[in-house]
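*Asks:* I'm passing along work-v8.tsv; it holds TSV, C-alpha atoms.
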```
chain	number	residue	atom	x	y	z
A	1	MET	CA	-79.10	-182.08	17.19
A	2	SER	CA	-76.33	-182.25	19.75
A	3	TRP	CA	-73.32	-179.97	19.61
A	4	ILE	CA	-71.23	-182.61	17.88
A	5	ASP	CA	-73.83	-182.81	15.09
A	6	TRP	CA	-73.65	-179.04	14.69
A	7	LEU	CA	-69.86	-179.26	14.52
A	8	SER	CA	-70.12	-181.93	11.81
A	9	ALA	CA	-72.62	-179.87	9.83
A	10	VAL	CA	-70.45	-176.74	9.96
A	11	LEU	CA	-67.28	-178.63	8.96
A	12	VAL	CA	-69.04	-180.39	6.08
A	13	ALA	CA	-70.55	-177.14	4.83
A	14	LEU	CA	-67.12	-175.46	4.95
A	15	GLY	CA	-65.70	-178.35	2.95
A	16	ALA	CA	-68.38	-177.94	0.30
A	17	LEU	CA	-67.54	-174.22	0.16
A	18	PHE	CA	-63.91	-175.05	-0.58
A	19	PHE	CA	-65.02	-177.44	-3.34
A	20	ILE	CA	-67.09	-174.64	-4.89
A	21	VAL	CA	-64.11	-172.29	-4.70
A	22	GLY	CA	-61.89	-174.89	-6.36
A	23	THR	CA	-64.33	-175.40	-9.22
A	24	VAL	CA	-64.77	-171.66	-9.76
A	25	GLY	CA	-60.98	-171.34	-9.85
A	26	LEU	CA	-60.68	-174.19	-12.33
A	27	LEU	CA	-63.18	-172.53	-14.66
A	28	ARG	CA	-62.33	-168.84	-14.28
A	29	LEU	CA	-58.56	-168.47	-13.82
A	30	PRO	CA	-56.60	-167.42	-16.90
A	31	ASP	CA	-53.73	-169.92	-17.33
A	32	LEU	CA	-52.86	-173.50	-16.58
A	33	PHE	CA	-50.57	-173.00	-13.61
A	34	SER	CA	-52.95	-170.77	-11.67
A	35	ARG	CA	-55.76	-173.23	-12.37
A	36	LEU	CA	-53.59	-176.07	-11.09
A	37	HIS	CA	-52.79	-174.06	-7.97
A	38	ALA	CA	-56.44	-173.27	-7.25
A	39	LEU	CA	-57.70	-176.76	-7.92
A	40	THR	CA	-55.24	-178.90	-5.97
A	41	LYS	CA	-55.06	-176.82	-2.81
A	42	ALA	CA	-58.72	-175.92	-2.46
A	43	ASP	CA	-59.95	-179.42	-3.21
A	44	ASN	CA	-57.59	-181.20	-0.84
A	45	LEU	CA	-58.54	-178.81	1.96
A	46	GLY	CA	-62.23	-179.25	1.18
A	47	LEU	CA	-61.88	-183.02	1.28
A	48	GLY	CA	-60.06	-182.75	4.62
A	49	LEU	CA	-62.87	-180.66	6.10
A	50	ILE	CA	-65.54	-183.07	4.84
A	51	MET	CA	-63.54	-185.96	6.25
A	52	LEU	CA	-63.33	-184.22	9.64
A	53	GLY	CA	-67.07	-183.57	9.54
A	54	VAL	CA	-67.88	-187.21	8.77
A	55	LEU	CA	-65.39	-188.54	11.34
A	56	PRO	CA	-67.59	-188.26	14.51
A	57	GLN	CA	-70.43	-190.21	12.87
A	58	VAL	CA	-68.60	-193.34	11.68
A	59	GLY	CA	-69.00	-196.74	13.33
A	60	GLY	CA	-65.75	-197.32	15.14
A	61	PRO	CA	-62.11	-196.28	15.49
A	62	LEU	CA	-61.01	-198.50	12.61
A	63	GLN	CA	-63.42	-196.79	10.22
A	64	GLY	CA	-62.17	-193.41	11.38
A	65	LEU	CA	-58.59	-194.52	10.84
A	66	LYS	CA	-59.51	-195.58	7.31
A	67	LEU	CA	-60.97	-192.13	6.62
A	68	LEU	CA	-57.75	-190.51	7.84
A	69	MET	CA	-55.66	-192.82	5.65
A	70	ILE	CA	-57.82	-191.99	2.61
A	71	TRP	CA	-57.22	-188.30	3.20
A	72	LEU	CA	-53.46	-188.84	3.56
A	73	LEU	CA	-53.44	-190.84	0.31
A	74	VAL	CA	-55.33	-188.08	-1.49
A	75	LEU	CA	-52.95	-185.43	-0.14
A	76	LEU	CA	-49.90	-187.37	-1.33
A	77	ALA	CA	-51.44	-188.22	-4.69
A	78	GLY	CA	-52.70	-184.67	-5.22
A	79	ALA	CA	-49.33	-183.06	-4.50
A	80	THR	CA	-47.46	-185.57	-6.67
A	81	GLY	CA	-49.98	-185.28	-9.49
A	82	ALA	CA	-49.85	-181.48	-9.45
A	83	HIS	CA	-46.05	-181.56	-9.74
A	84	LEU	CA	-46.17	-184.09	-12.57
A	85	ILE	CA	-48.75	-182.09	-14.54
A	86	ALA	CA	-46.86	-178.82	-13.99
A	87	LYS	CA	-43.55	-180.38	-15.08
A	88	ARG	CA	-45.10	-181.80	-18.23
A	89	ALA	CA	-46.71	-178.46	-19.09
A	90	LEU	CA	-43.43	-176.59	-18.43
A	91	ARG	CA	-41.56	-178.85	-20.87
A	92	GLY	CA	-43.98	-177.64	-23.54
A	93	ASP	CA	-45.47	-180.93	-24.61
A	94	GLY	CA	-48.86	-180.17	-23.19
A	95	GLU	CA	-50.46	-179.31	-26.54
A	96	ASP	CA	-53.30	-181.22	-28.08
A	97	LEU	CA	-52.13	-184.21	-30.07
A	98	PHE	CA	-55.06	-184.75	-32.37
A	99	GLU	CA	-55.63	-181.47	-34.23
M	1	MET	CA	-81.31	-184.39	10.93
M	2	ILE	CA	-77.57	-184.67	10.39
M	3	ASN	CA	-78.22	-187.17	7.60
M	4	GLU	CA	-80.21	-184.58	5.65
M	5	VAL	CA	-77.31	-182.15	6.00
M	6	TYR	CA	-74.94	-184.79	4.67
M	7	LEU	CA	-77.20	-185.57	1.72
M	8	THR	CA	-77.59	-181.89	0.84
M	9	VAL	CA	-73.85	-181.25	0.97
M	10	SER	CA	-73.23	-184.38	-1.07
M	11	LEU	CA	-75.58	-183.04	-3.74
M	12	ILE	CA	-73.74	-179.70	-3.74
M	13	VAL	CA	-70.39	-181.46	-4.16
M	14	LEU	CA	-71.84	-183.53	-7.02
M	15	LEU	CA	-73.02	-180.32	-8.70
M	16	THR	CA	-69.61	-178.62	-8.40
M	17	MET	CA	-67.99	-181.77	-9.77
M	18	SER	CA	-70.30	-181.77	-12.80
M	19	VAL	CA	-69.71	-178.07	-13.43
M	20	GLY	CA	-65.95	-178.62	-13.19
M	21	LEU	CA	-66.21	-181.19	-15.96
M	22	ILE	CA	-66.87	-178.29	-18.39
M	23	ARG	CA	-63.09	-177.87	-18.28
M	24	VAL	CA	-62.73	-181.29	-19.91
M	25	ILE	CA	-64.66	-180.00	-22.92
M	26	ILE	CA	-63.21	-176.50	-23.27
M	27	GLY	CA	-59.74	-177.11	-21.82
M	28	PRO	CA	-57.16	-176.03	-24.39
M	29	THR	CA	-54.45	-178.52	-23.36
M	30	PRO	CA	-54.55	-182.15	-22.19
M	31	SER	CA	-53.17	-180.97	-18.85
M	32	ASP	CA	-56.35	-178.99	-18.24
M	33	ARG	CA	-58.41	-182.06	-18.99
M	34	MET	CA	-56.29	-184.12	-16.62
M	35	MET	CA	-56.84	-181.54	-13.90
M	36	ALA	CA	-60.59	-181.90	-14.34
M	37	ALA	CA	-60.19	-185.66	-14.00
M	38	GLN	CA	-58.30	-185.08	-10.76
M	39	LEU	CA	-61.17	-182.90	-9.55
M	40	LEU	CA	-63.51	-185.77	-10.36
M	41	GLY	CA	-61.44	-188.04	-8.12
M	42	THR	CA	-61.27	-185.67	-5.16
M	43	ALA	CA	-64.89	-184.54	-5.28
M	44	GLY	CA	-66.04	-188.11	-5.86
M	45	ILE	CA	-64.25	-189.23	-2.71
M	46	GLY	CA	-65.86	-186.45	-0.68
M	47	MET	CA	-69.29	-187.30	-2.05
M	48	LEU	CA	-68.88	-191.01	-1.34
M	49	LEU	CA	-67.74	-190.39	2.24
M	50	LEU	CA	-70.83	-188.27	2.85
M	51	LEU	CA	-73.12	-190.85	1.25
M	52	ALA	CA	-71.54	-193.73	3.20
M	53	THR	CA	-72.39	-192.00	6.47
M	54	ALA	CA	-75.80	-190.62	5.48
M	55	LEU	CA	-77.09	-193.88	4.03
M	56	GLY	CA	-75.31	-196.14	6.51
M	57	VAL	CA	-73.41	-198.11	3.86
M	58	PRO	CA	-69.81	-198.44	5.09
M	59	ALA	CA	-68.75	-200.25	1.89
M	60	LEU	CA	-68.89	-196.89	0.08
M	61	ILE	CA	-65.79	-195.85	2.04
M	62	ASP	CA	-63.89	-198.62	0.25
M	63	VAL	CA	-65.26	-197.35	-3.06
M	64	ALA	CA	-63.90	-193.91	-2.14
M	65	LEU	CA	-60.49	-195.47	-1.49
M	66	ILE	CA	-60.54	-197.07	-4.95
M	67	PHE	CA	-61.46	-193.69	-6.47
M	68	GLY	CA	-58.40	-192.13	-4.85
M	69	LEU	CA	-56.08	-194.89	-6.05
M	70	LEU	CA	-57.42	-194.77	-9.61
M	71	ALA	CA	-57.12	-190.97	-9.81
M	72	ALA	CA	-53.48	-191.15	-8.70
M	73	VAL	CA	-52.66	-193.88	-11.23
M	74	ALA	CA	-54.46	-192.02	-14.02
M	75	VAL	CA	-52.46	-188.82	-13.45
M	76	ALA	CA	-49.16	-190.72	-13.30
M	77	ALA	CA	-49.95	-192.66	-16.48
M	78	PHE	CA	-50.99	-189.52	-18.35
M	79	THR	CA	-47.84	-187.59	-17.46
M	80	ARG	CA	-45.54	-190.48	-18.44
M	81	ARG	CA	-47.03	-190.68	-21.95
M	82	ARG	CA	-44.86	-189.28	-24.75
M	83	VAL	CA	-45.94	-188.56	-28.30
M	84	GLY	CA	-43.02	-189.91	-30.31
M	85	ARG	CA	-42.24	-192.98	-28.26
M	86	ASP	CA	-45.67	-194.53	-28.09
M	87	GLU	CA	-45.20	-198.22	-28.80
M	88	ALA	CA	-48.56	-199.45	-27.54
```
Can I see the file as structure tokens?
*Replies:*
Amino acid sequence: MSWIDWLSAVLVALGALFFIVGTVGLLRLPDLFSRLHALTKADNLGLGLIMLGVLPQVGGPLQGLKLLMIWLLVLLAGATGAHLIAKRALRGDGEDLFE
Amino acid sequence: MINEVYLTVSLIVLLTMSVGLIRVIIGPTPSDRMMAAQLLGTAGIGMLLLLATALGVPALIDVALIFGLLAAVAVAAFTRRRVGRDEA
């Protein structure tokens, strides 16, 4: 393994660590807003690290650009989605409908 | 060698994704369940990127892109839904 492979392996492993942290936060934290906070931030960072780790191994510059654009899309969608969910929960209509 | 690392990490991400889906079952509010669905989108994208490189199938990157788009649309559609004014 060359040094760039080692770099990829370390980045990908760090990304997986952030995914584990996000899932533990989603399952263990006490209320909705702290769970939202843990999940969105940790997962988007983990995805970014995995993307950076995969980046040196892809076929060409266009593929790499596509990876970067996917990460940007996920960042935008994650931030927007977190705000939408938090706003809906704050308004108080987040209860179960079918009980 | 690097491909084995990618496959292992992809398996770990798949496991965390599956464990996170417990929140869909126990989550007290629909918002919790939606958050778990968002986790499914993000972790699924990471897993697909790893698999696309490890297996040498670049089409999986496009699948990851579709995952991201669908997760965003699902969250937006869920948060726009209202109980009283549901005509559909």
*Asks:* Distance limit 7 Å, atoms considered: all atoms listed in the file. Which chain A residues sit that close to chain M? Return them as a list in words.
*Replies:*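 Every residue of chain A that passes the 7 Å test is in Asp5, Ala9, Ala13, Ala16, Phe19, Ile20, Thr23, Leu26, Leu27, Leu32, Leu36, Asp43, Leu47, Ile50, Val54, Gln57, Val58, Ile70, Val74, Ala77, Gly81, Leu84, Ile85, Arg88, Ala89, Gly94, Glu95 and Asp96 of chain A.
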*Asks:* Quick one: residues within 6 Å of A:Gly46, only C-alpha atoms counted, chain neighbours fewer than 2 positions away excluded, as number ranges by chain?
*Replies:* A: 15, 18-19, 43-44, 48-49
*Asks:* What is the distance between atom CA of A:Leu62 and atom CA of A:Leu14, in Å to one decimal?
*Replies:*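 So the answer is 25.0 Å.
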*Asks:* Record the distance separating atom CA of A:Leu75 and atom CA of A:Leu11, expressed in Å with one decimal.
*Replies:*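 Distance between the two atoms: 18.3 Å.
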*Asks:* What does the distance between atom CA of A:Met51 and atom CA of A:Leu7 come to in Å, to one decimal place?
*Replies:*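 If I compute the distance from atom CA of A:Met51 to atom CA of A:Leu7, I get 12.4 Å.
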*Asks:* So which one's closest to M:Leu70, A:Gly78, A:Pro30, A:Gly53, A:Gly60? Using all atoms listed in the file, please.
*Replies:*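 Ranking A:Gly78, A:Pro30, A:Gly53, A:Gly60 by distance to M:Leu70, first place goes to A:Gly78.
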*Asks:* Given 8 Å of margin on each side, can you work out the centre and size in Å (one decimal) of an axis-aligned box holding every listed atom of stretch 27-30 of chain M, as AutoDock Vina command-line options?
*Replies:*
```
--center_x -57.1 --center_y -179.1 --center_z -23.1 --size_x 21.3 --size_y 22.1 --size_z 18.6
```
*Asks:* Taking into account all atoms listed in the file, which residue in the set A:Gly22, A:Leu65, A:Trp3, A:Leu73 is nearest to A:Leu45?
*Replies:*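 Result for the nearest residue to A:Leu45: A:Gly22.
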*Asks:* Fix up stretch 42-78 of chain A with N, CA and C atoms, then write it as an mmCIF file, in the frame of the given file.
*Replies:*
```
data_model
loop_
_atom_site.group_PDB
_atom_site.id
_atom_site.type_symbol
_atom_site.label_atom_id
_atom_site.label_comp_id
_atom_site.auth_asym_id
_atom_site.auth_seq_id
_atom_site.Cartn_x
_atom_site.Cartn_y
_atom_site.Cartn_z
ATOM 1 N N ALA A 42 -57.366 -176.088 -2.986
ATOM 2 C CA ALA A 42 -58.720 -175.920 -2.460
ATOM 3 C C ALA A 42 -59.428 -177.261 -2.307
ATOM 4 N N ASP A 43 -59.224 -178.158 -3.273
ATOM 5 C CA ASP A 43 -59.950 -179.420 -3.210
ATOM 6 C C ASP A 43 -59.432 -180.314 -2.098
ATOM 7 N N ASN A 44 -58.105 -180.344 -1.909
ATOM 8 C CA ASN A 44 -57.590 -181.200 -0.840
ATOM 9 C C ASN A 44 -58.023 -180.690 0.521
ATOM 10 N N LEU A 45 -58.064 -179.357 0.689
ATOM 11 C CA LEU A 45 -58.540 -178.810 1.960
ATOM 12 C C LEU A 45 -60.026 -179.097 2.150
ATOM 13 N N GLY A 46 -60.804 -178.967 1.072
ATOM 14 C CA GLY A 46 -62.230 -179.250 1.180
ATOM 15 C C GLY A 46 -62.485 -180.696 1.559
ATOM 16 N N LEU A 47 -61.719 -181.602 0.950
ATOM 17 C CA LEU A 47 -61.880 -183.020 1.280
ATOM 18 C C LEU A 47 -61.510 -183.268 2.740
ATOM 19 N N GLY A 48 -60.451 -182.591 3.219
ATOM 20 C CA GLY A 48 -60.060 -182.750 4.620
ATOM 21 C C GLY A 48 -61.158 -182.296 5.554
ATOM 22 N N LEU A 49 -61.799 -181.161 5.241
ATOM 23 C CA LEU A 49 -62.870 -180.660 6.100
ATOM 24 C C LEU A 49 -64.073 -181.602 6.089
ATOM 25 N N ILE A 50 -64.417 -182.127 4.911
ATOM 26 C CA ILE A 50 -65.540 -183.070 4.840
ATOM 27 C C ILE A 50 -65.212 -184.322 5.629
ATOM 28 N N MET A 51 -63.955 -184.776 5.505
ATOM 29 C CA MET A 51 -63.540 -185.960 6.250
ATOM 30 C C MET A 51 -63.658 -185.711 7.760
ATOM 31 N N LEU A 52 -63.221 -184.537 8.212
ATOM 32 C CA LEU A 52 -63.330 -184.220 9.640
ATOM 33 C C LEU A 52 -64.788 -184.150 10.078
ATOM 34 N N GLY A 53 -65.661 -183.657 9.189
ATOM 35 C CA GLY A 53 -67.070 -183.570 9.540
ATOM 36 C C GLY A 53 -67.730 -184.929 9.603
ATOM 37 N N VAL A 54 -67.290 -185.873 8.763
ATOM 38 C CA VAL A 54 -67.880 -187.210 8.770
ATOM 39 C C VAL A 54 -67.332 -188.031 9.942
ATOM 40 N N LEU A 55 -66.111 -187.724 10.357
ATOM 41 C CA LEU A 55 -65.390 -188.540 11.340
ATOM 42 C C LEU A 55 -66.155 -188.846 12.627
ATOM 43 N N PRO A 56 -66.892 -187.890 13.250
ATOM 44 C CA PRO A 56 -67.590 -188.260 14.510
ATOM 45 C C PRO A 56 -68.742 -189.220 14.312
ATOM 46 N N GLN A 57 -69.226 -189.415 13.075
ATOM 47 C CA GLN A 57 -70.430 -190.210 12.870
ATOM 48 C C GLN A 57 -70.150 -191.635 12.417
ATOM 49 N N VAL A 58 -68.874 -191.998 12.199
ATOM 50 C CA VAL A 58 -68.600 -193.340 11.680
ATOM 51 C C VAL A 58 -68.697 -194.364 12.807
ATOM 52 N N GLY A 59 -68.732 -195.665 12.383
ATOM 53 C CA GLY A 59 -69.000 -196.740 13.330
ATOM 54 C C GLY A 59 -67.997 -196.914 14.433
ATOM 55 N N GLY A 60 -66.726 -197.042 14.102
ATOM 56 C CA GLY A 60 -65.750 -197.320 15.140
ATOM 57 C C GLY A 60 -64.414 -196.686 14.842
ATOM 58 N N PRO A 61 -63.426 -196.891 15.703
ATOM 59 C CA PRO A 61 -62.110 -196.280 15.490
ATOM 60 C C PRO A 61 -61.420 -196.758 14.223
ATOM 61 N N LEU A 62 -61.669 -198.004 13.824
ATOM 62 C CA LEU A 62 -61.010 -198.500 12.610
ATOM 63 C C LEU A 62 -61.520 -197.769 11.376
ATOM 64 N N GLN A 63 -62.861 -197.541 11.348
ATOM 65 C CA GLN A 63 -63.420 -196.790 10.220
ATOM 66 C C GLN A 63 -62.851 -195.372 10.167
ATOM 67 N N GLY A 64 -62.736 -194.751 11.344
ATOM 68 C CA GLY A 64 -62.170 -193.410 11.380
ATOM 69 C C GLY A 64 -60.740 -193.386 10.899
ATOM 70 N N LEU A 65 -59.976 -194.417 11.295
ATOM 71 C CA LEU A 65 -58.590 -194.520 10.840
ATOM 72 C C LEU A 65 -58.527 -194.653 9.326
ATOM 73 N N LYS A 66 -59.486 -195.417 8.782
ATOM 74 C CA LYS A 66 -59.510 -195.580 7.310
ATOM 75 C C LYS A 66 -59.766 -194.253 6.621
ATOM 76 N N LEU A 67 -60.705 -193.460 7.199
ATOM 77 C CA LEU A 67 -60.970 -192.130 6.620
ATOM 78 C C LEU A 67 -59.702 -191.289 6.614
ATOM 79 N N LEU A 68 -58.977 -191.298 7.756
ATOM 80 C CA LEU A 68 -57.750 -190.510 7.840
ATOM 81 C C LEU A 68 -56.734 -190.972 6.797
ATOM 82 N N MET A 69 -56.627 -192.300 6.623
ATOM 83 C CA MET A 69 -55.660 -192.820 5.650
ATOM 84 C C MET A 69 -56.053 -192.429 4.227
ATOM 85 N N ILE A 70 -57.381 -192.422 3.947
ATOM 86 C CA ILE A 70 -57.820 -191.990 2.610
ATOM 87 C C ILE A 70 -57.403 -190.550 2.363
ATOM 88 N N TRP A 71 -57.584 -189.707 3.397
ATOM 89 C CA TRP A 71 -57.220 -188.300 3.200
ATOM 90 C C TRP A 71 -55.712 -188.154 2.980
ATOM 91 N N LEU A 72 -54.915 -188.910 3.748
ATOM 92 C CA LEU A 72 -53.460 -188.840 3.560
ATOM 93 C C LEU A 72 -53.080 -189.277 2.148
ATOM 94 N N LEU A 73 -53.716 -190.365 1.670
ATOM 95 C CA LEU A 73 -53.440 -190.840 0.310
ATOM 96 C C LEU A 73 -53.779 -189.768 -0.712
ATOM 97 N N VAL A 74 -54.935 -189.108 -0.522
ATOM 98 C CA VAL A 74 -55.330 -188.080 -1.490
ATOM 99 C C VAL A 74 -54.379 -186.895 -1.439
ATOM 100 N N LEU A 75 -53.910 -186.538 -0.237
ATOM 101 C CA LEU A 75 -52.950 -185.430 -0.140
ATOM 102 C C LEU A 75 -51.679 -185.767 -0.901
ATOM 103 N N LEU A 76 -51.139 -186.969 -0.648
ATOM 104 C CA LEU A 76 -49.900 -187.370 -1.330
ATOM 105 C C LEU A 76 -50.100 -187.416 -2.838
ATOM 106 N N ALA A 77 -51.198 -188.071 -3.259
ATOM 107 C CA ALA A 77 -51.440 -188.220 -4.690
ATOM 108 C C ALA A 77 -51.696 -186.868 -5.336
ATOM 109 N N GLY A 78 -52.418 -185.979 -4.649
ATOM 110 C CA GLY A 78 -52.700 -184.670 -5.220
ATOM 111 C C GLY A 78 -51.439 -183.847 -5.402
#
```
